[in-house]
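The block underneath contains the structure these notes are about, expressed in structure tokens.
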2 protein chains.
Amino acid sequence: MQLSCPMPKLDFDFITLGHGSGGLLTHQLLESGVFKLLANEALDAQHDGAVLSLTGKTAFTTDSFVISPLFFPGGNIGSLAVHGTVNDLAMCGALPEYLSLAFILEEGLPMTAFWEILLSIKAACEAAGVKVVTGDTKVVEKGKGDKIFINTTGLGKVHPQARIGSQYIQPGDKIILSNAIAAHGIAIMSVREGLQFESEIKSDSRSLHIQVKSLLDQIGPDLHLLRDATRGGVATVLNEIARSARLGIQIAQAQLPLDPQVAGVCEILGLDPLYVANEGVFVAFVASHRAEECVHILQAQAGSEAAVIVGEVVAEHPQKVVLRSGIGGRRVVSLLPGEQLPRIC
Amino acid sequence: MQLSCPMPKLDFDFITLGHGSGGLLTHQLLESGVFKLLANEALDAQHDGAVLSLTGKTAFTTDSFVISPLFFPGGNIGSLAVHGTVNDLAMCGALPEYLSLAFILEEGLPMTAFWEILLSIKAACEAAGVKVVTGDTKVVEKGKGDKIFINTTGLGKVHPQARIGSQYIQPGDKIILSNAIAAHGIAIMSVREGLQFESEIKSDSRSLHIQVKSLLDQIGPDLHLLRDATRGGVATVLNEIARSARLGIQIAQAQLPLDPQVAGVCEILGLDPLYVANEGVFVAFVASHRAEECVHILQAQAGSEAAVIVGEVVAEHPQKVVLRSGIGGRRVVSLLPGEQLPRIC
């Protein structure tokens, strides 16, 4: 593997059980470069935890990442673990501030892979303006894990104008998708299945807090709800919201933003893009009269150029999501009954 | 397995990949009883994260638990995951307030085992006065994990009198061990090795925040440093502290609190109890003139009856830990070079 930054010299080429002992090898591993790479005042204290000064409302969210393969077009498990938690904070209307970072490594993981993942974590943290302030490293025997699992847990300051929650949703609210859907799932599937395309399909994995901040700065409480459409895709989050708000949701198939190449692969693989995972797309529920403004705000920013209104909240068919097809048909879009794509994030 | 509380009726006897899909099965699993079991206002919101009002100094700490076996005398991975993070917060001088809870389940985990672990989590949280406010559930294919891994990340309010850090340690400070050592590691080893004893050796896994609060209430900034002696045992944490403070540490073997049965098993297995993991023991560094008072405070409480002064900080041999044996010999106690007991927490 070509490293984008030189790896520190280590006595081992692979992770061993001793690296999770809490003893000498753990210290060598962390002090070889991990602490320096991610350095900041709180992490440098190297205590059992970080001590932070937080005020106002704080969002707190956790996510474990168990993706396979670890490396994919557009990112790897390291950048994904940062983006995923940054985005969960953003969906609470919060600006990400601090992360914890916990590794479960499988004995035999190549050091070069670990280092490349760390570099991606650093780059994603810097891009998102978030600091890793505390962490943990465990090692399991070969065959008892899958190379590397990462948990990131995040803290963020809730935007003073945020009033986000399913209780704020009303019939008439417009539903916006922030960008074209299904790219992450298809990028992962392509690697798993060894599919080759004319141009590579890249994961949409990215941080979304800037988009959220812009929306909150400009429309404040008229932004009623945000959710990123990760595992289970857009269909799943819309169903969750419909249930939680006890209202109906209508979306128009013709409006769904979808890259033609991604659409083609979905068709070949027999996947409904509405259920395919995204890592850089959210749904926003906004007061009807601010919807166009929101779309313009999003379209002006990198990573949400394809933002579009895809539907609205209705009083009819509460707790159900209904899709209007291009030729006028209507069908209920239900929760994914089983597992479409395991280990997608 | 005998459940201490009836399990909700589920369509599956074992965890399947679908339970990690984020779709219908995930919902069924969580809504079957998990949310109700752990219910509180923030968790009930069922958003991507919890929104909390935190003020003053907040401690933030993360830990993943990959222990094998999952069930052991004195606890299981669920109670351990709560105690571990509650104690990391306590070691920062904080009272635990909130936890995140993230599961990585292996396909095929029996639902009864998962439910029993959840019940232990609930009981440990109630005992520690801490709330689970956000969570995550992932499932990996059989053979890609080991039944269940748990990450808990905690938030706690730092005690107003806490001035805890290796920079506060001075030569002359006394070192207190809060209780008898090595019980957790030996309890785990006994299960692994199928050892039988006259009376069962139980893990010391427990929350330590009440002890810490009592010390801080009564001696405040004269309490200079706290560390729980988990992976790598007492020897490892003392070495870490000696390095971090750039001071020497002397301990007396004769003072080490050790249950005779635990001592016997250590001898049989060839284990040095100083390196065996604990889950309910901490080391406290305190100003010399308050040390006796601290010992009395601890001895008066359940879980620290055997508290004792075991040594002191010295200006000589900086960054080294020296053990004085019963017959007057001295030896350097170094960091554990490899892995003594993998998957101990």
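Each chain in the structure tokens gets a letter, A, B, ..., in the order shown, and its residues are numbered from 1; ligands are numbered from 1 in order too.
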Set the distance at 12 Å and use only C-alpha atoms: which residues neighbour Phe71 (chain A) once local chain neighbours fewer than 5 positions away are removed? I'd like the list as a CSV table (one decimal) with all heavy atoms, in the first residue's frame.
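Okay, selection32.csv is ready:
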chain,number,residue,atom,x,y,z
A,1,MET,N,0.8,-1.2,0.0
A,1,MET,CA,0.0,0.0,0.0
A,1,MET,C,0.9,1.3,0.0
A,1,MET,O,1.9,1.3,0.7
A,1,MET,CB,-0.9,0.0,1.3
A,1,MET,CG,-1.9,1.1,1.3
A,1,MET,SD,-2.9,0.8,2.8
A,1,MET,CE,-3.5,-0.8,2.5
A,66,VAL,N,-18.2,-1.3,11.1
A,66,VAL,CA,-17.7,-2.7,10.9
A,66,VAL,C,-17.7,-3.1,9.4
A,66,VAL,O,-17.9,-4.2,9.0
A,66,VAL,CB,-18.7,-3.7,11.6
A,66,VAL,CG1,-18.7,-3.4,13.1
A,66,VAL,CG2,-20.1,-3.6,11.1
A,76,ASN,N,-12.1,5.2,3.4
A,76,ASN,CA,-11.9,3.9,4.1
A,76,ASN,C,-12.6,4.0,5.5
A,76,ASN,O,-13.2,5.0,5.8
A,76,ASN,CB,-10.4,3.6,4.2
A,76,ASN,CG,-9.6,4.6,5.1
A,76,ASN,OD1,-10.1,4.9,6.2
A,76,ASN,ND2,-8.5,5.1,4.6
A,77,ILE,N,-12.5,2.9,6.2
A,77,ILE,CA,-13.2,2.8,7.5
A,77,ILE,C,-12.9,4.0,8.5
A,77,ILE,O,-13.7,4.4,9.3
A,77,ILE,CB,-13.0,1.4,8.2
A,77,ILE,CG1,-13.9,1.3,9.4
A,77,ILE,CG2,-11.5,1.3,8.6
A,77,ILE,CD1,-13.9,-0.1,10.0
A,78,GLY,N,-11.6,4.5,8.3
A,78,GLY,CA,-11.2,5.6,9.2
A,78,GLY,C,-12.0,6.9,8.9
A,78,GLY,O,-12.6,7.5,9.8
A,79,SER,N,-12.0,7.3,7.6
A,79,SER,CA,-12.7,8.6,7.3
A,79,SER,C,-14.2,8.4,7.5
A,79,SER,O,-14.9,9.3,8.0
A,79,SER,CB,-12.4,8.9,5.8
A,79,SER,OG,-12.6,7.8,4.9
A,80,LEU,N,-14.7,7.2,7.2
A,80,LEU,CA,-16.1,6.9,7.4
A,80,LEU,C,-16.5,7.0,8.9
A,80,LEU,O,-17.6,7.5,9.2
A,80,LEU,CB,-16.4,5.4,6.9
A,80,LEU,CG,-17.8,5.0,6.9
A,80,LEU,CD1,-18.6,5.7,5.8
A,80,LEU,CD2,-17.9,3.4,6.7
A,113,ALA,N,-1.8,-0.9,7.0
A,113,ALA,CA,-3.3,-0.6,6.9
A,113,ALA,C,-3.7,0.2,8.1
A,113,ALA,O,-4.5,1.2,7.9
A,113,ALA,CB,-4.0,-2.0,6.9
A,114,PHE,N,-3.3,-0.1,9.3
A,114,PHE,CA,-3.7,0.6,10.5
A,114,PHE,C,-3.2,2.1,10.4
A,114,PHE,O,-4.0,3.0,10.6
A,114,PHE,CB,-3.1,0.0,11.7
A,114,PHE,CG,-3.5,0.6,13.0
A,114,PHE,CD1,-4.9,0.8,13.3
A,114,PHE,CD2,-2.6,0.9,14.0
A,114,PHE,CE1,-5.3,1.4,14.5
A,114,PHE,CE2,-3.0,1.5,15.2
A,114,PHE,CZ,-4.3,1.7,15.5
A,116,GLU,N,-2.6,3.8,7.6
A,116,GLU,CA,-3.3,4.5,6.5
A,116,GLU,C,-4.7,4.9,7.0
A,116,GLU,O,-5.2,6.0,6.7
A,116,GLU,CB,-3.5,3.5,5.3
A,116,GLU,CG,-4.1,4.2,4.1
A,116,GLU,CD,-3.1,5.3,3.5
A,116,GLU,OE1,-1.9,5.2,3.6
A,116,GLU,OE2,-3.7,6.2,2.9
A,117,ILE,N,-5.3,4.0,7.8
A,117,ILE,CA,-6.6,4.3,8.4
A,117,ILE,C,-6.5,5.5,9.4
A,117,ILE,O,-7.3,6.4,9.4
A,117,ILE,CB,-7.2,3.1,9.1
A,117,ILE,CG1,-7.6,2.1,8.0
A,117,ILE,CG2,-8.4,3.4,10.0
A,117,ILE,CD1,-7.9,0.7,8.6
A,120,SER,N,-6.3,8.7,7.5
A,120,SER,CA,-7.6,9.2,7.0
A,120,SER,C,-8.4,9.8,8.2
A,120,SER,O,-9.2,10.7,7.9
A,120,SER,CB,-8.4,8.0,6.5
A,120,SER,OG,-7.7,7.5,5.4
A,147,LYS,N,-10.3,-7.7,11.1
A,147,LYS,CA,-9.3,-6.7,10.8
A,147,LYS,C,-9.4,-5.5,11.7
A,147,LYS,O,-8.5,-5.3,12.6
A,147,LYS,CB,-9.3,-6.3,9.3
A,147,LYS,CG,-9.1,-7.4,8.4
A,147,LYS,CD,-9.1,-7.0,6.9
A,147,LYS,CE,-9.1,-8.1,5.9
A,147,LYS,NZ,-10.4,-8.7,5.7
A,148,ILE,N,-10.4,-4.7,11.6
A,148,ILE,CA,-10.6,-3.5,12.5
A,148,ILE,C,-12.0,-3.1,12.5
A,148,ILE,O,-12.7,-3.1,11.5
A,148,ILE,CB,-9.7,-2.4,11.9
A,148,ILE,CG1,-9.8,-1.1,12.8
A,148,ILE,CG2,-10.0,-2.0,10.5
A,148,ILE,CD1,-8.8,0.0,12.5
A,187,ALA,N,-20.8,1.8,-4.3
A,187,ALA,CA,-19.3,1.7,-4.3
A,187,ALA,C,-18.8,0.5,-3.5
A,187,ALA,O,-17.8,-0.2,-4.0
A,187,ALA,CB,-18.7,3.0,-3.7
A,188,ILE,N,-19.4,0.2,-2.4
A,188,ILE,CA,-19.0,-0.9,-1.6
A,188,ILE,C,-19.3,-2.2,-2.3
A,188,ILE,O,-18.4,-3.1,-2.4
A,188,ILE,CB,-19.7,-0.9,-0.2
A,188,ILE,CG1,-19.4,0.4,0.6
A,188,ILE,CG2,-19.4,-2.2,0.6
A,188,ILE,CD1,-18.0,0.5,1.1
A,190,SER,N,-19.5,-2.7,-5.4
A,190,SER,CA,-18.6,-2.9,-6.6
A,190,SER,C,-17.3,-3.5,-6.2
A,190,SER,O,-16.8,-4.4,-6.9
A,190,SER,CB,-18.4,-1.5,-7.2
A,190,SER,OG,-19.6,-0.9,-7.6
A,191,VAL,N,-16.8,-3.1,-5.1
A,191,VAL,CA,-15.5,-3.7,-4.6
A,191,VAL,C,-15.7,-5.1,-4.2
A,191,VAL,O,-15.0,-6.0,-4.6
A,191,VAL,CB,-14.9,-2.9,-3.4
A,191,VAL,CG1,-13.6,-3.5,-2.9
A,191,VAL,CG2,-14.7,-1.4,-3.8
A,192,ARG,N,-16.8,-5.4,-3.5
A,192,ARG,CA,-17.1,-6.8,-3.1
A,192,ARG,C,-17.3,-7.7,-4.2
A,192,ARG,O,-16.8,-8.8,-4.2
A,192,ARG,CB,-18.4,-6.8,-2.2
A,192,ARG,CG,-18.2,-6.2,-0.9
A,192,ARG,CD,-19.4,-6.6,0.0
A,192,ARG,NE,-19.5,-5.7,1.1
A,192,ARG,CZ,-20.6,-5.6,1.9
A,192,ARG,NH1,-21.6,-6.3,1.6
A,192,ARG,NH2,-20.6,-4.7,2.9
A,202,LYS,N,-17.8,6.3,-6.7
A,202,LYS,CA,-17.1,6.6,-5.4
A,202,LYS,C,-18.2,6.7,-4.3
A,202,LYS,O,-19.3,7.3,-4.6
A,202,LYS,CB,-16.4,7.9,-5.5
A,202,LYS,CG,-15.0,7.8,-6.1
A,202,LYS,CD,-14.2,9.0,-5.9
A,202,LYS,CE,-12.8,8.9,-6.5
A,202,LYS,NZ,-12.1,10.2,-6.5
A,203,SER,N,-17.8,6.3,-3.1
A,203,SER,CA,-18.7,6.5,-2.0
A,203,SER,C,-18.9,8.0,-1.8
A,203,SER,O,-18.0,8.8,-2.1
A,203,SER,CB,-18.0,6.0,-0.7
A,203,SER,OG,-18.7,6.5,0.4
A,344,ILE,N,-22.3,-2.5,5.7
A,344,ILE,CA,-22.2,-1.4,4.7
A,344,ILE,C,-21.6,-0.2,5.4
A,344,ILE,O,-21.2,0.8,4.8
A,344,ILE,CB,-23.6,-1.2,4.2
A,344,ILE,CG1,-23.5,-0.4,2.8
A,344,ILE,CG2,-24.5,-0.5,5.1
A,344,ILE,CD1,-23.1,-1.2,1.7
A,345,CYS,N,-21.6,-0.2,6.7
A,345,CYS,CA,-21.0,1.0,7.4
A,345,CYS,C,-20.5,0.6,8.8
A,345,CYS,O,-20.5,-0.6,9.2
A,345,CYS,CB,-22.0,2.1,7.5
A,345,CYS,SG,-23.5,1.8,8.4
Exercise. Any idea which chain B residues end up within 7 Å of chain A if we count only C-alpha atoms, as a ChimeraX atom specification please?
Worked result: /B:17-18,21-25,48-64,88-89,91-92,100,102,134-136,140,143-146,153,231-232,236,335-339,342-343
Exercise. Which residues come within 7 Å of Gly220 (chain A), counting only C-alpha atoms, excluding same-chain residues fewer than 4 positions away, as a PyMOL selection string?
Worked result: chain A and resi 161-162+215-216
Please produce an output containing N, CA and C atoms for each residue in the selection, written as a PDB file, in the first residue's frame.
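As written to disk, result.pdb reads:
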ATOM      1  N   GLN A 161     -30.212  28.124  17.077  1.00  0.00           N
ATOM      2  CA  GLN A 161     -31.503  28.231  16.383  1.00  0.00           C
ATOM      3  C   GLN A 161     -32.131  26.870  16.103  1.00  0.00           C
ATOM      4  N   ALA A 162     -31.501  25.800  16.525  1.00  0.00           N
ATOM      5  CA  ALA A 162     -32.019  24.473  16.178  1.00  0.00           C
ATOM      6  C   ALA A 162     -33.249  24.120  17.013  1.00  0.00           C
ATOM      7  N   LEU A 215     -28.074  25.935   6.775  1.00  0.00           N
ATOM      8  CA  LEU A 215     -29.538  25.897   6.848  1.00  0.00           C
ATOM      9  C   LEU A 215     -30.031  26.519   8.150  1.00  0.00           C
ATOM     10  N   LEU A 216     -29.392  26.152   9.260  1.00  0.00           N
ATOM     11  CA  LEU A 216     -29.848  26.672  10.556  1.00  0.00           C
ATOM     12  C   LEU A 216     -29.589  28.170  10.674  1.00  0.00           C
TER      13      LEU A 216
END
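Every protein, DNA or RNA residue with an atom at most 12 Å from Leu119 (chain A), where only C-alpha atoms count and chain neighbours fewer than 4 positions away do not, is listed here: Leu3, Ser4, Cys5, Pro6, Met7, Gly33, Val34, Phe35, Lys36, Leu37, Leu38, Gly75, Asn76, Ile77, Gly78, Ser79, Val82, Thr112, Ala113, Phe114, Trp115, Ala123, Ala124, Cys125 and Glu126 of chain A.
CA of Ala128 (chain B) is positioned 9.2 Å from CA of Leu95 (chain B).
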For this session: Using DSSP on the backbone coordinates, identify the residues of region 193-334 of chain A assigned to helix (DSSP H, G or I); present them as a count of residues only.
Result: 56
For this session: Mind checking which residues fall within 9 Å of Arg243 (chain B), counting only C-alpha atoms, ignoring those fewer than 4 positions away in the same chain, and posting them as a PyMOL selection string?
Result: chain B and resi 238-239+247-248+318-320
With C-alpha atoms retained, export the selected residues as a PDB file, in the first residue's frame.
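Heads up, here's the output in out.pdb:
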ATOM      1  CA  LEU B 238       2.249   2.692  38.368  1.00  0.00           C
ATOM      2  CA  ASN B 239       4.759   2.589  35.532  1.00  0.00           C
ATOM      3  CA  LEU B 247       9.249  10.744  39.415  1.00  0.00           C
ATOM      4  CA  GLY B 248      10.124   7.463  41.112  1.00  0.00           C
ATOM      5  CA  PRO B 318      12.643   8.856  38.122  1.00  0.00           C
ATOM      6  CA  GLN B 319      10.239   6.991  35.803  1.00  0.00           C
ATOM      7  CA  LYS B 320      10.932   3.720  37.606  1.00  0.00           C
TER       8      LYS B 320
END
Exercise. Quick one, how far is CA of Arg330 (chain B) from CA of Gln255 (chain B)?
Worked result: 14.3 Å
